[in-house]
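Student: This is my_file-v2.cif (mmCIF, C-alpha atoms).
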data_upload
#
loop_
_atom_site.group_PDB
_atom_site.id
_atom_site.type_symbol
_atom_site.label_atom_id
_atom_site.label_comp_id
_atom_site.auth_asym_id
_atom_site.auth_seq_id
_atom_site.Cartn_x
_atom_site.Cartn_y
_atom_site.Cartn_z
ATOM 1 C CA MET A 1 7.326 4.895 3.297
ATOM 2 C CA ARG A 2 7.231 6.401 -0.210
ATOM 3 C CA VAL A 3 7.261 3.990 -3.155
ATOM 4 C CA HIS A 4 7.969 4.852 -6.788
ATOM 5 C CA ILE A 5 6.844 2.268 -9.371
ATOM 6 C CA HIS A 6 8.478 2.113 -12.796
ATOM 7 C CA THR A 7 6.386 0.251 -15.380
ATOM 8 C CA ASP A 8 7.061 -1.488 -18.669
ATOM 9 C CA LEU A 9 4.823 -3.619 -20.878
ATOM 10 C CA GLU A 10 6.666 -6.721 -22.049
ATOM 11 C CA GLY A 11 6.623 -8.367 -18.623
ATOM 12 C CA VAL A 12 2.953 -7.745 -17.872
ATOM 13 C CA SER A 13 0.649 -10.645 -16.972
ATOM 14 C CA GLY A 14 -1.285 -12.183 -19.847
ATOM 15 C CA ILE A 15 0.843 -10.727 -22.648
ATOM 16 C CA ASP A 16 2.189 -13.877 -24.272
ATOM 17 C CA ARG A 17 2.795 -13.032 -27.938
ATOM 18 C CA ALA A 18 5.079 -10.407 -29.477
ATOM 19 C CA GLU A 19 2.388 -9.063 -31.779
ATOM 20 C CA MET A 20 0.192 -8.120 -28.825
ATOM 21 C CA ILE A 21 2.303 -5.070 -27.961
ATOM 22 C CA ASP A 22 2.088 -3.522 -31.421
ATOM 23 C CA ARG A 23 0.758 -0.055 -30.589
ATOM 24 C CA ASP A 24 -1.191 0.002 -33.857
ATOM 25 C CA GLY A 25 -2.481 -3.552 -33.505
ATOM 26 C CA GLU A 26 -5.946 -4.752 -32.566
ATOM 27 C CA GLU A 27 -4.796 -6.192 -29.242
ATOM 28 C CA PHE A 28 -3.009 -3.171 -27.838
ATOM 29 C CA GLY A 29 -6.104 -1.983 -25.998
ATOM 30 C CA ARG A 30 -6.194 -5.308 -24.205
ATOM 31 C CA CYS A 31 -2.507 -4.905 -23.325
ATOM 32 C CA ARG A 32 -3.276 -1.574 -21.670
ATOM 33 C CA GLU A 33 -6.007 -3.212 -19.601
ATOM 34 C CA LEU A 34 -3.595 -5.970 -18.541
ATOM 35 C CA LEU A 35 -0.997 -3.359 -17.616
ATOM 36 C CA MET A 36 -3.447 -1.564 -15.366
ATOM 37 C CA GLY A 37 -4.305 -4.833 -13.643
ATOM 38 C CA ASP A 38 -0.641 -5.427 -12.765
ATOM 39 C CA VAL A 39 -0.071 -1.810 -11.733
ATOM 40 C CA ASN A 40 -3.102 -1.828 -9.445
ATOM 41 C CA ALA A 41 -2.011 -5.125 -7.915
ATOM 42 C CA ALA A 42 1.373 -3.580 -7.113
ATOM 43 C CA VAL A 43 -0.238 -0.424 -5.713
ATOM 44 C CA GLU A 44 -2.583 -2.479 -3.544
ATOM 45 C CA GLY A 45 0.273 -4.638 -2.284
ATOM 46 C CA ALA A 46 2.404 -1.597 -1.535
ATOM 47 C CA PHE A 47 -0.288 -0.079 0.667
ATOM 48 C CA GLU A 48 -0.899 -3.431 2.338
ATOM 49 C CA GLY A 49 2.821 -3.565 3.101
ATOM 50 C CA GLY A 50 2.744 -0.191 4.813
ATOM 51 C CA ALA A 51 3.413 2.372 2.087
ATOM 52 C CA SER A 52 2.211 5.901 2.804
ATOM 53 C CA ASP A 53 2.510 7.200 -0.775
ATOM 54 C CA VAL A 54 2.764 5.422 -4.129
ATOM 55 C CA VAL A 55 3.781 7.096 -7.406
ATOM 56 C CA VAL A 56 3.588 5.269 -10.751
ATOM 57 C CA LEU A 57 5.612 6.054 -13.883
ATOM 58 C CA ASP A 58 4.410 4.996 -17.352
ATOM 59 C CA ARG A 59 7.623 4.277 -19.279
ATOM 60 C CA HIS A 60 6.973 1.751 -22.051
ATOM 61 C CA GLY A 61 7.683 3.395 -25.395
ATOM 62 C CA GLY A 62 7.830 6.798 -23.760
ATOM 63 C CA GLY A 63 4.422 6.515 -22.082
ATOM 64 C CA ALA A 64 0.761 6.905 -23.106
ATOM 65 C CA ASN A 65 -0.012 3.325 -22.032
ATOM 66 C CA PHE A 66 -1.995 3.900 -18.826
ATOM 67 C CA LEU A 67 -5.779 3.890 -18.735
ATOM 68 C CA LEU A 68 -5.979 6.575 -16.095
ATOM 69 C CA ASP A 69 -9.637 5.969 -15.255
ATOM 70 C CA ARG A 70 -8.684 2.447 -14.193
ATOM 71 C CA LEU A 71 -5.757 3.373 -11.963
ATOM 72 C CA ASP A 72 -6.143 2.824 -8.215
ATOM 73 C CA ALA A 73 -7.229 6.238 -6.928
ATOM 74 C CA ARG A 74 -4.657 6.113 -4.124
ATOM 75 C CA ALA A 75 -1.758 6.201 -6.594
ATOM 76 C CA VAL A 76 -0.264 9.374 -8.069
ATOM 77 C CA VAL A 77 0.847 9.427 -11.710
ATOM 78 C CA ASP A 78 4.399 10.629 -12.291
ATOM 79 C CA SER A 79 4.076 13.104 -15.162
ATOM 80 C CA SER A 80 7.875 13.595 -15.388
ATOM 81 C CA PRO A 81 7.702 17.348 -14.780
ATOM 82 C CA ASN A 82 11.491 17.615 -15.084
ATOM 83 C CA GLY A 83 11.493 15.988 -18.525
ATOM 84 C CA LYS A 84 13.861 13.240 -17.367
ATOM 85 C CA TRP A 85 13.350 9.556 -18.151
ATOM 86 C CA TRP A 86 13.400 8.707 -14.437
ATOM 87 C CA GLY A 87 10.551 11.134 -13.783
ATOM 88 C CA SER A 88 10.116 12.451 -10.259
ATOM 89 C CA LEU A 89 12.239 9.759 -8.608
ATOM 90 C CA ASP A 90 14.405 11.484 -6.007
ATOM 91 C CA ALA A 91 15.909 11.141 -2.548
ATOM 92 C CA THR A 92 12.521 11.456 -0.829
ATOM 93 C CA VAL A 93 11.586 7.986 -2.151
ATOM 94 C CA ASP A 94 12.254 4.994 0.122
ATOM 95 C CA ALA A 95 11.935 2.141 -2.395
ATOM 96 C CA THR A 96 11.309 1.607 -6.088
ATOM 97 C CA PHE A 97 9.518 -1.238 -7.886
ATOM 98 C CA PHE A 98 9.773 -2.361 -11.509
ATOM 99 C CA VAL A 99 6.456 -3.783 -12.787
ATOM 100 C CA GLY A 100 6.254 -5.505 -16.183
ATOM 101 C CA ALA A 101 9.993 -6.131 -16.525
ATOM 102 C CA HIS A 102 11.745 -8.056 -19.280
ATOM 103 C CA ALA A 103 15.247 -9.517 -19.403
ATOM 104 C CA MET A 104 18.280 -7.866 -20.979
ATOM 105 C CA ALA A 105 19.199 -8.340 -24.629
ATOM 106 C CA GLY A 106 20.633 -11.766 -25.378
ATOM 107 C CA THR A 107 18.799 -13.699 -22.654
ATOM 108 C CA MET A 108 17.725 -17.168 -23.744
ATOM 109 C CA ASN A 109 13.973 -17.676 -23.329
ATOM 110 C CA GLY A 110 13.579 -14.086 -22.210
ATOM 111 C CA PHE A 111 10.210 -12.962 -23.554
ATOM 112 C CA LEU A 112 10.870 -9.972 -25.845
ATOM 113 C CA ASP A 113 14.349 -9.594 -24.350
ATOM 114 C CA HIS A 114 16.098 -6.329 -25.225
ATOM 115 C CA THR A 115 17.913 -3.423 -23.640
ATOM 116 C CA MET A 116 16.337 -0.041 -24.364
ATOM 117 C CA SER A 117 16.153 -0.613 -28.143
ATOM 118 C CA SER A 118 15.718 -4.029 -29.747
ATOM 119 C CA VAL A 119 16.747 -2.462 -33.069
ATOM 120 C CA HIS A 120 19.809 -0.441 -32.073
ATOM 121 C CA TRP A 121 21.349 -1.879 -28.894
ATOM 122 C CA TYR A 122 23.157 -5.213 -28.895
ATOM 123 C CA GLU A 123 24.611 -5.042 -25.387
ATOM 124 C CA CYS A 124 25.169 -2.524 -22.602
ATOM 125 C CA ARG A 125 27.953 -3.003 -20.064
ATOM 126 C CA ILE A 126 28.499 -1.171 -16.795
ATOM 127 C CA ASN A 127 31.959 -1.709 -15.304
ATOM 128 C CA GLY A 128 32.286 -4.681 -17.644
ATOM 129 C CA ARG A 129 29.032 -6.341 -16.553
ATOM 130 C CA PRO A 130 26.259 -6.831 -19.140
ATOM 131 C CA THR A 131 23.349 -4.786 -17.829
ATOM 132 C CA GLY A 132 19.722 -4.503 -18.889
ATOM 133 C CA GLU A 133 16.944 -2.078 -18.113
ATOM 134 C CA LEU A 134 16.568 -3.398 -14.575
ATOM 135 C CA GLY A 135 20.182 -2.562 -13.826
ATOM 136 C CA LEU A 136 20.044 0.811 -15.547
ATOM 137 C CA TRP A 137 16.967 1.804 -13.567
ATOM 138 C CA ALA A 138 18.586 0.620 -10.335
ATOM 139 C CA VAL A 139 21.743 2.653 -11.049
ATOM 140 C CA VAL A 140 19.669 5.827 -11.415
ATOM 141 C CA ALA A 141 17.668 4.965 -8.302
ATOM 142 C CA GLY A 142 20.950 4.352 -6.500
ATOM 143 C CA HIS A 143 22.068 7.869 -7.347
ATOM 144 C CA PHE A 144 19.225 9.060 -5.114
ATOM 145 C CA GLY A 145 19.926 6.426 -2.454
ATOM 146 C CA VAL A 146 16.823 4.417 -3.396
ATOM 147 C CA PRO A 147 16.906 0.579 -3.484
ATOM 148 C CA LEU A 148 15.054 -1.530 -6.050
ATOM 149 C CA THR A 149 13.082 -3.915 -3.858
ATOM 150 C CA MET A 150 10.397 -5.485 -6.066
ATOM 151 C CA VAL A 151 10.240 -6.761 -9.664
ATOM 152 C CA SER A 152 7.450 -8.442 -11.611
ATOM 153 C CA GLY A 153 7.811 -9.935 -15.072
ATOM 154 C CA ASP A 154 8.683 -13.108 -16.906
ATOM 155 C CA GLN A 155 10.844 -15.828 -15.399
ATOM 156 C CA ALA A 156 14.033 -14.591 -17.081
ATOM 157 C CA ALA A 157 13.532 -11.053 -15.769
ATOM 158 C CA CYS A 158 13.017 -12.321 -12.238
ATOM 159 C CA VAL A 159 16.166 -14.463 -12.425
ATOM 160 C CA GLU A 160 18.096 -11.424 -13.664
ATOM 161 C CA ALA A 161 16.737 -9.285 -10.829
ATOM 162 C CA GLN A 162 17.764 -11.826 -8.224
ATOM 163 C CA ALA A 163 21.282 -12.001 -9.683
ATOM 164 C CA PHE A 164 21.703 -8.222 -9.535
ATOM 165 C CA PHE A 165 19.822 -7.434 -6.335
ATOM 166 C CA PRO A 166 20.072 -10.171 -3.695
ATOM 167 C CA GLY A 167 16.952 -10.237 -1.535
ATOM 168 C CA VAL A 168 14.746 -8.463 -4.079
ATOM 169 C CA SER A 169 11.109 -9.564 -3.974
ATOM 170 C CA THR A 170 10.016 -10.993 -7.342
ATOM 171 C CA ALA A 171 6.714 -11.993 -8.927
ATOM 172 C CA GLU A 172 7.083 -14.333 -11.894
ATOM 173 C CA VAL A 173 3.957 -14.099 -14.044
ATOM 174 C CA LYS A 174 4.973 -16.060 -17.168
ATOM 175 C CA ARG A 175 7.747 -18.083 -18.785
ATOM 176 C CA GLY A 176 9.317 -17.292 -22.138
ATOM 177 C CA VAL A 177 9.407 -19.952 -24.835
ATOM 178 C CA GLY A 178 11.978 -18.558 -27.207
ATOM 179 C CA ARG A 179 11.794 -14.790 -27.598
ATOM 180 C CA ASN A 180 8.379 -14.110 -29.082
ATOM 181 C CA ARG A 181 6.101 -16.435 -27.116
ATOM 182 C CA ALA A 182 5.414 -17.019 -23.447
ATOM 183 C CA VAL A 183 3.365 -19.323 -21.280
ATOM 184 C CA ALA A 184 1.368 -17.028 -19.012
ATOM 185 C CA MET A 185 -0.132 -18.060 -15.706
ATOM 186 C CA PRO A 186 -3.787 -17.312 -14.907
ATOM 187 C CA LEU A 187 -4.311 -13.613 -14.224
ATOM 188 C CA GLU A 188 -5.698 -14.121 -10.733
ATOM 189 C CA GLU A 189 -2.610 -16.067 -9.677
ATOM 190 C CA ALA A 190 -0.272 -13.555 -11.325
ATOM 191 C CA ARG A 191 -1.895 -10.593 -9.602
ATOM 192 C CA THR A 192 -1.813 -12.404 -6.257
ATOM 193 C CA ARG A 193 1.918 -12.865 -6.711
ATOM 194 C CA ILE A 194 2.395 -9.205 -7.597
ATOM 195 C CA ARG A 195 0.453 -8.014 -4.551
ATOM 196 C CA ALA A 196 2.471 -10.263 -2.250
ATOM 197 C CA ALA A 197 5.796 -9.251 -3.788
ATOM 198 C CA ALA A 198 4.853 -5.563 -3.528
ATOM 199 C CA ALA A 199 3.970 -5.896 0.155
ATOM 200 C CA ASP A 200 7.294 -7.649 0.757
ATOM 201 C CA GLY A 201 9.065 -4.976 -1.299
ATOM 202 C CA VAL A 202 7.827 -2.230 0.994
ATOM 203 C CA GLN A 203 9.045 -4.057 4.075
ATOM 204 C CA ALA A 204 12.375 -4.809 2.392
ATOM 205 C CA GLY A 205 12.828 -1.097 1.730
ATOM 206 C CA GLU A 206 13.745 -0.565 5.359
ATOM 207 C CA ARG A 207 16.792 -2.819 5.127
ATOM 208 C CA ALA A 208 17.690 -2.988 1.405
ATOM 209 C CA ARG A 209 20.678 -1.157 -0.005
ATOM 210 C CA PRO A 210 20.720 0.877 -3.209
ATOM 211 C CA TYR A 211 22.547 -0.536 -6.226
ATOM 212 C CA LEU A 212 25.843 1.357 -6.398
ATOM 213 C CA PRO A 213 28.424 -0.003 -8.857
ATOM 214 C CA ILE A 214 31.828 1.566 -8.273
ATOM 215 C CA ALA A 215 32.085 5.049 -9.771
ATOM 216 C CA PRO A 216 33.132 6.477 -12.073
ATOM 217 C CA LEU A 217 31.069 4.020 -14.062
ATOM 218 C CA GLU A 218 32.739 2.652 -17.159
ATOM 219 C CA CYS A 219 29.841 2.501 -19.614
ATOM 220 C CA GLU A 220 30.139 0.614 -22.874
ATOM 221 C CA LEU A 221 27.451 0.339 -25.505
ATOM 222 C CA HIS A 222 27.550 -2.192 -28.340
ATOM 223 C CA PHE A 223 25.260 -1.434 -31.256
ATOM 224 C CA THR A 224 23.838 -3.766 -33.870
ATOM 225 C CA ARG A 225 25.269 -1.682 -36.722
ATOM 226 C CA SER A 226 28.250 0.582 -37.160
ATOM 227 C CA ASP A 227 26.194 3.573 -38.367
ATOM 228 C CA TYR A 228 24.392 3.643 -35.021
ATOM 229 C CA ALA A 229 27.802 3.977 -33.380
ATOM 230 C CA ASP A 230 28.627 6.755 -35.851
ATOM 231 C CA ASP A 231 25.777 8.786 -34.387
ATOM 232 C CA ALA A 232 26.458 7.873 -30.747
ATOM 233 C CA ALA A 233 30.092 8.908 -31.060
ATOM 234 C CA GLN A 234 28.863 12.502 -31.373
ATOM 235 C CA TRP A 235 27.410 12.497 -27.845
ATOM 236 C CA PRO A 236 29.409 14.675 -25.400
ATOM 237 C CA GLY A 237 32.096 12.725 -23.548
ATOM 238 C CA VAL A 238 31.684 9.577 -25.649
ATOM 239 C CA GLU A 239 34.604 7.900 -27.398
ATOM 240 C CA ARG A 240 34.519 5.405 -30.246
ATOM 241 C CA THR A 241 36.318 2.171 -29.362
ATOM 242 C CA GLY A 242 35.166 -0.099 -32.191
ATOM 243 C CA ALA A 243 33.067 -0.238 -35.319
ATOM 244 C CA ARG A 244 29.915 -0.833 -33.271
ATOM 245 C CA VAL A 245 31.105 0.220 -29.803
ATOM 246 C CA VAL A 246 31.225 3.471 -27.844
ATOM 247 C CA ARG A 247 32.451 4.104 -24.307
ATOM 248 C CA TRP A 248 32.167 6.843 -21.686
ATOM 249 C CA LEU A 249 32.904 7.390 -17.998
ATOM 250 C CA ALA A 250 30.099 8.524 -15.709
ATOM 251 C CA SER A 251 31.080 9.966 -12.352
ATOM 252 C CA ASP A 252 27.435 11.051 -12.085
ATOM 253 C CA ARG A 253 25.267 7.926 -12.083
ATOM 254 C CA LEU A 254 22.481 9.829 -13.798
ATOM 255 C CA ARG A 255 24.713 9.808 -16.846
ATOM 256 C CA VAL A 256 24.619 6.017 -17.100
ATOM 257 C CA ILE A 257 22.745 6.828 -20.314
ATOM 258 C CA PRO A 258 24.399 9.951 -21.771
ATOM 259 C CA TRP A 259 21.414 11.839 -23.190
#
Translate the structure of the given file into structure tokens.
Tutor:
Amino acid sequence: MRVHIHTDLEGVSGIDRAEMIDRDGEEFGRCRELLMGDVNAAVEGAFEGGASDVVVLDRHGGGANFLLDRLDARAVVDSSPNGKWWGSLDATVDATFFVGAHAMAGTMNGFLDHTMSSVHWYECRINGRPTGELGLWAVVAGHFGVPLTMVSGDQAACVEAQAFFPGVSTAEVKRGVGRNRAVAMPLEEARTRIRAAAADGVQAGERARPYLPIAPLECELHFTRSDYADDAAQWPGVERTGARVVRWLASDRLRVIPW
């Protein structure tokens, strides 16, 4: 059983204030340590659940968040040799996890809720359904026949995961209070939840189905400003349908994001 773990930062245990994830701030080093704690808990749980190989992908802000000397030695870092945002995820993987998840843009009490860009993107829709980063990742994984079987993050992210992927194993590690604050549970309890959810996620991989919205996918992106749509309208195959809205059809699920 091969497991591929996608990671983000906003949904990591112990990160409870927006200012903590400022890459130039004094607390960012602590955030990286907290991230490694969650990642290692997921790796440990995956092996306990029966995984044979575990690969981890550092995706927050394009990467450079891992403290590699603190990563569980059994895990392999996905260095994205193909230059794609999904890294080495392919059809040889049996299940994928999403560690450190946040809810989609516009989610009430979703800690640091956004979809891809909190500045540029207002809403993303796939076949008419508002979709966040969890759904986008699952669509790409589905292209390769890989199910998303485990998610850790704040309460809102876990609720979103359960709505999109019935039977997914979730580990809630904090609860958003508004957008910029969260009530985090003790780290030991959070990591215990992550390990248990990861072990369950491996076992679920044998029966879970990949997320496969009907293709061709009708993709619609609403921006926060019309000039952002001006730029996006230049992407190949994209049409302008409103001042702040662009649309495209994706017969290839890898083109759910058209760049």
Student: Find, counting all atoms listed in the file, the residue in A:Gly29, A:Gly100, A:Pro81, A:Pro213 that gets nearest to Ala157 (chain A).
Tutor: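 The shortest atom-to-atom distance to Ala157 (chain A) comes from A:Gly100.
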Student: May I ask which of the residues A:His114, A:Lys84, A:Arg195, A:Arg207 is the closest one to Phe47 (chain A), counting all atoms listed in the file?
Tutor: A:Arg195
Student: For the provided coordinates, the residues matched by the PyMOL selection byres ((chain A and resi 111) around 6) should be stated as an MDAnalysis selection string.
Tutor: chainID A and resid 110 112:113 176 179:180
Student: Would you list the contacts of His6 (chain A) as a CSV table (one decimal) with C-alpha atoms, keeping the file's coordinate frame, taking every protein, DNA or RNA residue within 10 Å and counting all atoms listed in the file, but skipping same-chain residues closer than 4 positions in sequence?
Tutor:
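File written: result06.csv
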chain,number,residue,atom,x,y,z
A,39,VAL,CA,-0.1,-1.8,-11.7
A,55,VAL,CA,3.8,7.1,-7.4
A,56,VAL,CA,3.6,5.3,-10.8
A,57,LEU,CA,5.6,6.1,-13.9
A,58,ASP,CA,4.4,5.0,-17.4
A,59,ARG,CA,7.6,4.3,-19.3
A,60,HIS,CA,7.0,1.8,-22.1
A,78,ASP,CA,4.4,10.6,-12.3
A,86,TRP,CA,13.4,8.7,-14.4
A,87,GLY,CA,10.6,11.1,-13.8
A,89,LEU,CA,12.2,9.8,-8.6
A,96,THR,CA,11.3,1.6,-6.1
A,97,PHE,CA,9.5,-1.2,-7.9
A,98,PHE,CA,9.8,-2.4,-11.5
A,99,VAL,CA,6.5,-3.8,-12.8
A,100,GLY,CA,6.3,-5.5,-16.2
A,101,ALA,CA,10.0,-6.1,-16.5
A,134,LEU,CA,16.6,-3.4,-14.6
A,137,TRP,CA,17.0,1.8,-13.6
A,151,VAL,CA,10.2,-6.8,-9.7
Student: If you measure from CA of Leu249 (chain A) to CA of Pro216 (chain A), what distance in Å do you get, rounded to one decimal?
Tutor: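 For CA of Leu249 (chain A) relative to CA of Pro216 (chain A), the distance reads 6.0 Å.
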Student: How would you write, as number ranges by chain, the residues chosen by the PyMOL selection byres ((chain A and resi 239) around 12) on this structure?
Tutor: A: 218-221, 229-238, 240-249, 258
Student: One decimal, in Å: what's the spacing between CA of His222 (chain A) and CA of Glu123 (chain A)?
Tutor: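 If I compute the distance from CA of His222 (chain A) to CA of Glu123 (chain A), I get 5.0 Å.
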Student: Can you tell me, as a list in words, what residues are no more than 7 Å from Asp38 (chain A) when counting only C-alpha atoms, ignoring any on the same chain fewer than 3 positions away?
Tutor: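 Listing them by chain and then by number gives Val12, Ser13, Leu34, Leu35, Ala41, Ala42 and Arg191 of chain A.
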Student: Could you list the residues chosen by the PyMOL selection byres ((chain A and resi 196-201) around 12) in this structure as a PDB file with C-alpha atoms, in the coordinates of the input?
Tutor:
ATOM      1  CA  MET A   1       7.326   4.895   3.297  1.00  0.00           C
ATOM      2  CA  ARG A   2       7.231   6.401  -0.210  1.00  0.00           C
ATOM      3  CA  VAL A   3       7.261   3.990  -3.155  1.00  0.00           C
ATOM      4  CA  HIS A   4       7.969   4.852  -6.788  1.00  0.00           C
ATOM      5  CA  ILE A   5       6.844   2.268  -9.371  1.00  0.00           C
ATOM      6  CA  ASP A  38      -0.641  -5.427 -12.765  1.00  0.00           C
ATOM      7  CA  VAL A  39      -0.071  -1.810 -11.733  1.00  0.00           C
ATOM      8  CA  ASN A  40      -3.102  -1.828  -9.445  1.00  0.00           C
ATOM      9  CA  ALA A  41      -2.011  -5.125  -7.915  1.00  0.00           C
ATOM     10  CA  ALA A  42       1.373  -3.580  -7.113  1.00  0.00           C
ATOM     11  CA  VAL A  43      -0.238  -0.424  -5.713  1.00  0.00           C
ATOM     12  CA  GLU A  44      -2.583  -2.479  -3.544  1.00  0.00           C
ATOM     13  CA  GLY A  45       0.273  -4.638  -2.284  1.00  0.00           C
ATOM     14  CA  ALA A  46       2.404  -1.597  -1.535  1.00  0.00           C
ATOM     15  CA  PHE A  47      -0.288  -0.079   0.667  1.00  0.00           C
ATOM     16  CA  GLU A  48      -0.899  -3.431   2.338  1.00  0.00           C
ATOM     17  CA  GLY A  49       2.821  -3.565   3.101  1.00  0.00           C
ATOM     18  CA  GLY A  50       2.744  -0.191   4.813  1.00  0.00           C
ATOM     19  CA  ALA A  51       3.413   2.372   2.087  1.00  0.00           C
ATOM     20  CA  VAL A  54       2.764   5.422  -4.129  1.00  0.00           C
ATOM     21  CA  ASP A  94      12.254   4.994   0.122  1.00  0.00           C
ATOM     22  CA  ALA A  95      11.935   2.141  -2.395  1.00  0.00           C
ATOM     23  CA  THR A  96      11.309   1.607  -6.088  1.00  0.00           C
ATOM     24  CA  PHE A  97       9.518  -1.238  -7.886  1.00  0.00           C
ATOM     25  CA  PHE A  98       9.773  -2.361 -11.509  1.00  0.00           C
ATOM     26  CA  VAL A  99       6.456  -3.783 -12.787  1.00  0.00           C
ATOM     27  CA  PRO A 147      16.906   0.579  -3.484  1.00  0.00           C
ATOM     28  CA  LEU A 148      15.054  -1.530  -6.050  1.00  0.00           C
ATOM     29  CA  THR A 149      13.082  -3.915  -3.858  1.00  0.00           C
ATOM     30  CA  MET A 150      10.397  -5.485  -6.066  1.00  0.00           C
ATOM     31  CA  VAL A 151      10.240  -6.761  -9.664  1.00  0.00           C
ATOM     32  CA  SER A 152       7.450  -8.442 -11.611  1.00  0.00           C
ATOM     33  CA  GLY A 153       7.811  -9.935 -15.072  1.00  0.00           C
ATOM     34  CA  CYS A 158      13.017 -12.321 -12.238  1.00  0.00           C
ATOM     35  CA  GLY A 167      16.952 -10.237  -1.535  1.00  0.00           C
ATOM     36  CA  VAL A 168      14.746  -8.463  -4.079  1.00  0.00           C
ATOM     37  CA  SER A 169      11.109  -9.564  -3.974  1.00  0.00           C
ATOM     38  CA  THR A 170      10.016 -10.993  -7.342  1.00  0.00           C
ATOM     39  CA  ALA A 171       6.714 -11.993  -8.927  1.00  0.00           C
ATOM     40  CA  GLU A 172       7.083 -14.333 -11.894  1.00  0.00           C
ATOM     41  CA  VAL A 173       3.957 -14.099 -14.044  1.00  0.00           C
ATOM     42  CA  GLU A 189      -2.610 -16.067  -9.677  1.00  0.00           C
ATOM     43  CA  ALA A 190      -0.272 -13.555 -11.325  1.00  0.00           C
ATOM     44  CA  ARG A 191      -1.895 -10.593  -9.602  1.00  0.00           C
ATOM     45  CA  THR A 192      -1.813 -12.404  -6.257  1.00  0.00           C
ATOM     46  CA  ARG A 193       1.918 -12.865  -6.711  1.00  0.00           C
ATOM     47  CA  ILE A 194       2.395  -9.205  -7.597  1.00  0.00           C
ATOM     48  CA  ARG A 195       0.453  -8.014  -4.551  1.00  0.00           C
ATOM     49  CA  VAL A 202       7.827  -2.230   0.994  1.00  0.00           C
ATOM     50  CA  GLN A 203       9.045  -4.057   4.075  1.00  0.00           C
ATOM     51  CA  ALA A 204      12.375  -4.809   2.392  1.00  0.00           C
ATOM     52  CA  GLY A 205      12.828  -1.097   1.730  1.00  0.00           C
ATOM     53  CA  GLU A 206      13.745  -0.565   5.359  1.00  0.00           C
ATOM     54  CA  ARG A 207      16.792  -2.819   5.127  1.00  0.00           C
ATOM     55  CA  ALA A 208      17.690  -2.988   1.405  1.00  0.00           C
TER      56      ALA A 208
END
Student: Which residue out of A:Phe164, A:Trp85, A:Arg175, A:Asp90 has the minimum interatomic distance to Arg255 (chain A) when all atoms listed in the file are used?
Tutor: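 Ranking A:Phe164, A:Trp85, A:Arg175, A:Asp90 by distance to Arg255 (chain A), first place goes to A:Trp85.
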Student: For each of A:Met108, A:Arg70, A:Gly37, A:Gly25, take the minimum atom-to-atom distance to Leu187 (chain A), counting only C-alpha atoms, then give the residue where this is smallest.
Tutor: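 Ranking A:Met108, A:Arg70, A:Gly37, A:Gly25 by distance to Leu187 (chain A), first place goes to A:Gly37.
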Student: I need the residue nearest Met116 (chain A) from this list: A:Glu188, A:Asp154, A:Glu27, A:Glu133. Use only C-alpha atoms for the distance.
Tutor: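 Smallest distance to Met116 (chain A) is found for A:Glu133.
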Student: What is the distance between CA of Ile15 (chain A) and CA of Ala103 (chain A), in Å to one decimal?
Tutor: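 For CA of Ile15 (chain A) relative to CA of Ala103 (chain A), the distance reads 14.8 Å.
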Student: When you look at His120 (chain A) with a cut-off of 8 Å (counting all atoms listed in the file), what residues show up, excluding the ones that are within fewer than 3 positions of it in the same chain? I need them as a list in words.
Tutor: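 The contact residues come out as Ser117, Phe223, Thr224, Arg225 and Tyr228 of chain A.
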Student: Looking at A:Glu160, A:Asp252, A:Glu19, A:Asp227, which one is nearest to Ala215 (chain A), with distances taken over all atoms listed in the file?
Tutor: A:Asp252
